[in-house]
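Heads up, the thing below is written out as structure tokens.
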Amino acid sequence: LVTQAVAQVETPSQLYGELFEDVQMRRVFPDGKTFVDAVAKDAPDAIVQRYQEEKRQPGFDLAAFVAQNFTVSRPEDSGYHSIPGQDVCSHIDALWPVLARRPDRADPRASLLPLPYPYVVPGGRFNEIYYWDSYFTMIGLEESGRHGMALNMVRNFVSLIERYGLVPNGNRTY
């Protein structure tokens, strides 16, 4: 039996410690997903060090600090509009290109675990795969005759298992 080394990745809470806790507990964002999906503009250690130095300064603004040190992604408007009266199959077929994503590039400052093959996301603010949703997505892809994309989804799961030892709920480090 050959075992493969599994990559270890740190979660945003591990990388940012007290800063992470403060951002989440002080509700800098209206939900818990926005900050963990943000991309650091500098090395995590450098950001943590700046935070330790600046947080005790009079007038320190945590939200402004986060804005200076992280890029917060916002869902892009796909431009998609449903067609009133369109049958459900045609509607779903029209959504596949809107929900499809290209393979990811690795970004060590982001929580996204890159996927090597194209994939389909739930949409809106959810720009990563979710394994349970993906099961139903793949059934829909097969019904729509998009076998290649369904196969790519499986290939991405295999890649996650090979690299991390499991398929996480979403392809994120948290």
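In the structure tokens, the first chain shown is A, the next is B, and so on; residue numbers restart at 1 for each chain, and ligands run from 1 in the order shown.
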
Can you build me a table of region 95-126 of chain A residues sitting at most 12 Å from region 11-35 of chain A, with the closest atom pair per residue and its distance in Å to one decimal, using only C-alpha atoms, sorted by chain and residue number, as CSV?
```
residue,atom,partner,partner_atom,distance
A:Pro108,CA,A:Leu15,CA,11.5
A:Arg109,CA,A:Pro12,CA,9.7
A:Ala110,CA,A:Pro12,CA,8.8
A:Ser111,CA,A:Pro12,CA,7.1
A:Leu112,CA,A:Thr11,CA,10.3
A:Leu113,CA,A:Thr11,CA,11.0
A:Arg125,CA,A:Thr34,CA,9.0
A:Phe126,CA,A:Lys33,CA,9.6
```

DSSP on the backbone, then: every residue of region 35-131 of chain A marked strand (DSSP E), written as a PyMOL selection string. chain A and resi 39-40+70-71+100-101+119-120

Generate the output file for the selected residues, all heavy atoms, as a PDB file, in the first residue's frame.
```
ATOM      1  N   VAL A  39      -8.804  38.166   0.360  1.00  0.00           N
ATOM      2  CA  VAL A  39      -7.430  37.831  -0.027  1.00  0.00           C
ATOM      3  C   VAL A  39      -6.491  38.849   0.607  1.00  0.00           C
ATOM      4  O   VAL A  39      -6.675  40.064   0.458  1.00  0.00           O
ATOM      5  CB  VAL A  39      -7.277  37.834  -1.561  1.00  0.00           C
ATOM      6  CG1 VAL A  39      -5.843  37.515  -1.964  1.00  0.00           C
ATOM      7  CG2 VAL A  39      -8.242  36.827  -2.190  1.00  0.00           C
ATOM      8  N   ALA A  40      -5.498  38.352   1.307  1.00  0.00           N
ATOM      9  CA  ALA A  40      -4.522  39.222   1.960  1.00  0.00           C
ATOM     10  C   ALA A  40      -3.683  39.955   0.925  1.00  0.00           C
ATOM     11  O   ALA A  40      -3.310  39.390  -0.096  1.00  0.00           O
ATOM     12  CB  ALA A  40      -3.621  38.399   2.875  1.00  0.00           C
ATOM     13  N   PHE A  70      -6.642  43.708   3.131  1.00  0.00           N
ATOM     14  CA  PHE A  70      -7.317  42.590   2.467  1.00  0.00           C
ATOM     15  C   PHE A  70      -8.153  43.093   1.303  1.00  0.00           C
ATOM     16  O   PHE A  70      -8.688  44.195   1.347  1.00  0.00           O
ATOM     17  CB  PHE A  70      -8.243  41.846   3.451  1.00  0.00           C
ATOM     18  CG  PHE A  70      -7.513  41.159   4.566  1.00  0.00           C
ATOM     19  CD1 PHE A  70      -7.210  41.844   5.737  1.00  0.00           C
ATOM     20  CD2 PHE A  70      -7.116  39.844   4.441  1.00  0.00           C
ATOM     21  CE1 PHE A  70      -6.522  41.226   6.762  1.00  0.00           C
ATOM     22  CE2 PHE A  70      -6.429  39.202   5.465  1.00  0.00           C
ATOM     23  CZ  PHE A  70      -6.133  39.906   6.638  1.00  0.00           C
ATOM     24  N   THR A  71      -8.262  42.266   0.298  1.00  0.00           N
ATOM     25  CA  THR A  71      -9.177  42.531  -0.808  1.00  0.00           C
ATOM     26  C   THR A  71     -10.403  41.667  -0.593  1.00  0.00           C
ATOM     27  O   THR A  71     -10.304  40.441  -0.509  1.00  0.00           O
ATOM     28  CB  THR A  71      -8.523  42.186  -2.165  1.00  0.00           C
ATOM     29  OG1 THR A  71      -7.350  42.983  -2.322  1.00  0.00           O
ATOM     30  CG2 THR A  71      -9.489  42.424  -3.307  1.00  0.00           C
ATOM     31  N   ALA A 100     -20.446  28.263 -14.454  1.00  0.00           N
ATOM     32  CA  ALA A 100     -19.180  27.564 -14.737  1.00  0.00           C
ATOM     33  C   ALA A 100     -18.000  28.440 -14.361  1.00  0.00           C
ATOM     34  O   ALA A 100     -18.023  29.656 -14.529  1.00  0.00           O
ATOM     35  CB  ALA A 100     -19.110  27.180 -16.213  1.00  0.00           C
ATOM     36  N   ARG A 101     -16.968  27.816 -13.828  1.00  0.00           N
ATOM     37  CA  ARG A 101     -15.721  28.503 -13.483  1.00  0.00           C
ATOM     38  C   ARG A 101     -14.564  27.792 -14.155  1.00  0.00           C
ATOM     39  O   ARG A 101     -14.566  26.572 -14.320  1.00  0.00           O
ATOM     40  CB  ARG A 101     -15.503  28.520 -11.965  1.00  0.00           C
ATOM     41  CG  ARG A 101     -16.597  29.245 -11.179  1.00  0.00           C
ATOM     42  CD  ARG A 101     -16.618  30.729 -11.476  1.00  0.00           C
ATOM     43  NE  ARG A 101     -17.633  31.446 -10.725  1.00  0.00           N
ATOM     44  CZ  ARG A 101     -18.866  31.700 -11.156  1.00  0.00           C
ATOM     45  NH1 ARG A 101     -19.265  31.266 -12.346  1.00  0.00           N
ATOM     46  NH2 ARG A 101     -19.713  32.374 -10.405  1.00  0.00           N
ATOM     47  N   TYR A 119     -15.280  23.869 -13.344  1.00  0.00           N
ATOM     48  CA  TYR A 119     -16.295  23.369 -12.415  1.00  0.00           C
ATOM     49  C   TYR A 119     -17.490  24.307 -12.391  1.00  0.00           C
ATOM     50  O   TYR A 119     -17.469  25.382 -12.982  1.00  0.00           O
ATOM     51  CB  TYR A 119     -15.716  23.171 -11.009  1.00  0.00           C
ATOM     52  CG  TYR A 119     -15.078  24.396 -10.394  1.00  0.00           C
ATOM     53  CD1 TYR A 119     -15.763  25.176  -9.479  1.00  0.00           C
ATOM     54  CD2 TYR A 119     -13.764  24.759 -10.710  1.00  0.00           C
ATOM     55  CE1 TYR A 119     -15.168  26.289  -8.900  1.00  0.00           C
ATOM     56  CE2 TYR A 119     -13.173  25.865 -10.135  1.00  0.00           C
ATOM     57  CZ  TYR A 119     -13.873  26.630  -9.224  1.00  0.00           C
ATOM     58  OH  TYR A 119     -13.281  27.727  -8.650  1.00  0.00           O
ATOM     59  N   VAL A 120     -18.534  23.890 -11.687  1.00  0.00           N
ATOM     60  CA  VAL A 120     -19.771  24.656 -11.577  1.00  0.00           C
ATOM     61  C   VAL A 120     -19.990  24.994 -10.102  1.00  0.00           C
ATOM     62  O   VAL A 120     -19.799  24.136  -9.235  1.00  0.00           O
ATOM     63  CB  VAL A 120     -20.974  23.859 -12.133  1.00  0.00           C
ATOM     64  CG1 VAL A 120     -22.283  24.588 -11.897  1.00  0.00           C
ATOM     65  CG2 VAL A 120     -20.776  23.586 -13.625  1.00  0.00           C
TER      66      VAL A 120
END
```

Which one is closest to Leu141 (chain A): A:Ala7, A:Leu166, A:Ala94, A:Ala106? Count only C-alpha atoms.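 Counting only C-alpha atoms, the residue closest to Leu141 (chain A) is A:Ala94.
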
Alpha helix (DSSP H) residues, from DSSP on the backbone, in chain A, as number ranges by chain: A: 12-25, 33-37, 44-54, 62-69, 88-99, 131-143, 147-164

Quick one: residues within 12 Å of Asn69 (chain A), only C-alpha atoms counted, chain neighbours fewer than 2 positions away excluded, as a VMD selection string? chain A and resid 16 19 35 38 to 51 62 to 67 71 to 72 109

I need the residues from that last selection saved to file as a short mmCIF file (atom, residue, chain, number, x, y, z; two decimals), in the first residue's frame (with N, CA and C atoms), if you can.
```
data_model
loop_
_atom_site.label_atom_id
_atom_site.label_comp_id
_atom_site.auth_asym_id
_atom_site.auth_seq_id
_atom_site.Cartn_x
_atom_site.Cartn_y
_atom_site.Cartn_z
N TYR A 16 -4.38 34.26 11.20
CA TYR A 16 -4.54 35.62 11.70
C TYR A 16 -4.87 35.71 13.18
N LEU A 19 -6.50 38.78 15.25
CA LEU A 19 -7.11 39.62 14.22
C LEU A 19 -8.37 38.95 13.67
N PHE A 35 -14.99 37.73 5.43
CA PHE A 35 -13.57 37.90 5.80
C PHE A 35 -12.74 36.67 5.46
N ALA A 38 -11.72 36.76 1.96
CA ALA A 38 -10.90 37.89 1.54
C ALA A 38 -9.47 37.43 1.23
N VAL A 39 -8.80 38.17 0.36
CA VAL A 39 -7.43 37.83 -0.03
C VAL A 39 -6.49 38.85 0.61
N ALA A 40 -5.50 38.35 1.31
CA ALA A 40 -4.52 39.22 1.96
C ALA A 40 -3.68 39.95 0.93
N LYS A 41 -3.37 41.21 1.22
CA LYS A 41 -2.53 42.01 0.32
C LYS A 41 -1.06 41.88 0.67
N ASP A 42 -0.76 41.20 1.76
CA ASP A 42 0.61 41.02 2.23
C ASP A 42 0.69 39.66 2.91
N ALA A 43 1.88 39.27 3.30
CA ALA A 43 2.06 38.00 4.01
C ALA A 43 1.29 38.04 5.32
N PRO A 44 0.63 36.96 5.70
CA PRO A 44 -0.14 36.95 6.94
C PRO A 44 0.67 37.40 8.16
N ASP A 45 1.91 36.95 8.28
CA ASP A 45 2.73 37.34 9.43
C ASP A 45 2.92 38.85 9.49
N ALA A 46 3.12 39.48 8.33
CA ALA A 46 3.31 40.94 8.28
C ALA A 46 2.02 41.65 8.69
N ILE A 47 0.88 41.14 8.25
CA ILE A 47 -0.40 41.76 8.61
C ILE A 47 -0.65 41.63 10.10
N VAL A 48 -0.38 40.46 10.66
CA VAL A 48 -0.58 40.24 12.10
C VAL A 48 0.34 41.17 12.89
N GLN A 49 1.56 41.31 12.46
CA GLN A 49 2.49 42.20 13.15
C GLN A 49 1.98 43.65 13.12
N ARG A 50 1.52 44.10 11.95
CA ARG A 50 0.97 45.46 11.83
C ARG A 50 -0.24 45.62 12.76
N TYR A 51 -1.07 44.60 12.80
CA TYR A 51 -2.24 44.66 13.66
C TYR A 51 -1.84 44.82 15.12
N LEU A 62 -10.75 49.18 13.09
CA LEU A 62 -10.56 47.80 12.64
C LEU A 62 -11.03 47.61 11.20
N ALA A 63 -12.18 48.16 10.86
CA ALA A 63 -12.70 48.01 9.50
C ALA A 63 -11.75 48.65 8.49
N ALA A 64 -11.21 49.80 8.81
CA ALA A 64 -10.26 50.46 7.90
C ALA A 64 -8.98 49.64 7.78
N PHE A 65 -8.53 49.06 8.88
CA PHE A 65 -7.34 48.21 8.86
C PHE A 65 -7.56 47.02 7.92
N VAL A 66 -8.71 46.39 8.04
CA VAL A 66 -9.03 45.24 7.19
C VAL A 66 -9.05 45.68 5.72
N ALA A 67 -9.68 46.80 5.44
CA ALA A 67 -9.76 47.30 4.06
C ALA A 67 -8.38 47.60 3.47
N THR A 71 -8.26 42.27 0.30
CA THR A 71 -9.18 42.53 -0.81
C THR A 71 -10.40 41.67 -0.59
N VAL A 72 -11.52 42.32 -0.45
CA VAL A 72 -12.78 41.61 -0.24
C VAL A 72 -13.46 41.45 -1.59
N ARG A 109 -2.24 33.58 -0.60
CA ARG A 109 -2.83 34.55 0.33
C ARG A 109 -4.35 34.45 0.38
#
```

Using only C-alpha atoms for the distances, tell me which of A:Pro116, A:Arg146, A:Pro75, A:Ile161 is nearest to Pro97 (chain A).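 Result for the nearest residue to Pro97 (chain A): A:Arg146.
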
Give me, please, the distance in Å between CA of Leu115 (chain A) and CA of Arg102 (chain A), quoted to one decimal.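 Here the two named atoms are 8.6 Å from each other.
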
Selection near Ser144 (chain A), 9 Å with only C-alpha atoms, sequence-local residues under 3 positions removed, as a list in words: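 Residues near the query, excluding close chain neighbours: Cys89, Ile92, Asp93, Ile139, Gly140, Leu141 and His147 of chain A.
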
Output N, CA, C and O atoms of each residue in that selection to a file, as a CSV table (one decimal), in the first residue's frame.
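The resulting file, result-v2.csv, is reproduced below:
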```csv
chain,number,residue,atom,x,y,z
A,89,CYS,N,-36.1,23.3,-18.2
A,89,CYS,CA,-34.9,22.7,-18.8
A,89,CYS,C,-34.1,23.8,-19.5
A,89,CYS,O,-32.9,23.8,-19.4
A,92,ILE,N,-32.4,26.1,-17.0
A,92,ILE,CA,-31.2,25.5,-16.4
A,92,ILE,C,-30.1,25.4,-17.4
A,92,ILE,O,-28.9,25.7,-17.0
A,93,ASP,N,-30.4,25.0,-18.6
A,93,ASP,CA,-29.3,25.0,-19.7
A,93,ASP,C,-28.7,26.4,-19.8
A,93,ASP,O,-27.5,26.5,-20.1
A,139,ILE,N,-25.8,15.7,-11.4
A,139,ILE,CA,-27.0,15.0,-12.0
A,139,ILE,C,-27.6,15.9,-13.0
A,139,ILE,O,-27.9,15.5,-14.1
A,140,GLY,N,-27.7,17.2,-12.7
A,140,GLY,CA,-28.2,18.2,-13.7
A,140,GLY,C,-27.3,18.3,-14.9
A,140,GLY,O,-27.8,18.4,-16.1
A,141,LEU,N,-26.0,18.3,-14.7
A,141,LEU,CA,-25.1,18.3,-15.9
A,141,LEU,C,-25.3,17.1,-16.8
A,141,LEU,O,-25.3,17.3,-18.0
A,147,HIS,N,-21.7,15.9,-20.0
A,147,HIS,CA,-20.9,14.9,-19.3
A,147,HIS,C,-19.5,15.3,-19.0
A,147,HIS,O,-18.9,15.0,-18.0
```

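Between Arg163 (chain A) and the residues A:Asp104, A:Gln8, A:Met138, A:Tyr117, the shortest atom-to-atom distance, using only C-alpha atoms, involves A:Gln8.
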
Given the choices A:Tyr164, A:Glu53, A:Gly123, A:Ser134, which gets closest to Asp77 (chain A) if the distance is worked out from only C-alpha atoms?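 For Asp77 (chain A), the nearest of the given residues is A:Gly123.
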
Could you check the closest approach to Ser78 (chain A) for each of A:Gly59, A:Gly124, A:Pro114, A:Pro103 and tell me which residue wins, using only C-alpha atoms?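 Ranking A:Gly59, A:Gly124, A:Pro114, A:Pro103 by distance to Ser78 (chain A), first place goes to A:Gly124.
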
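Restricting the calculation to only C-alpha atoms, the smallest distance between Thr137 (chain A) and any of A:Val158, A:Ser73, A:Leu95, A:Gly165 is found for A:Leu95.
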
By how many Å are CA of Arg155 (chain A) and CA of Val88 (chain A) apart?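 Atom-to-atom, CA of Arg155 (chain A) to CA of Val88 (chain A), that is 28.0 Å.
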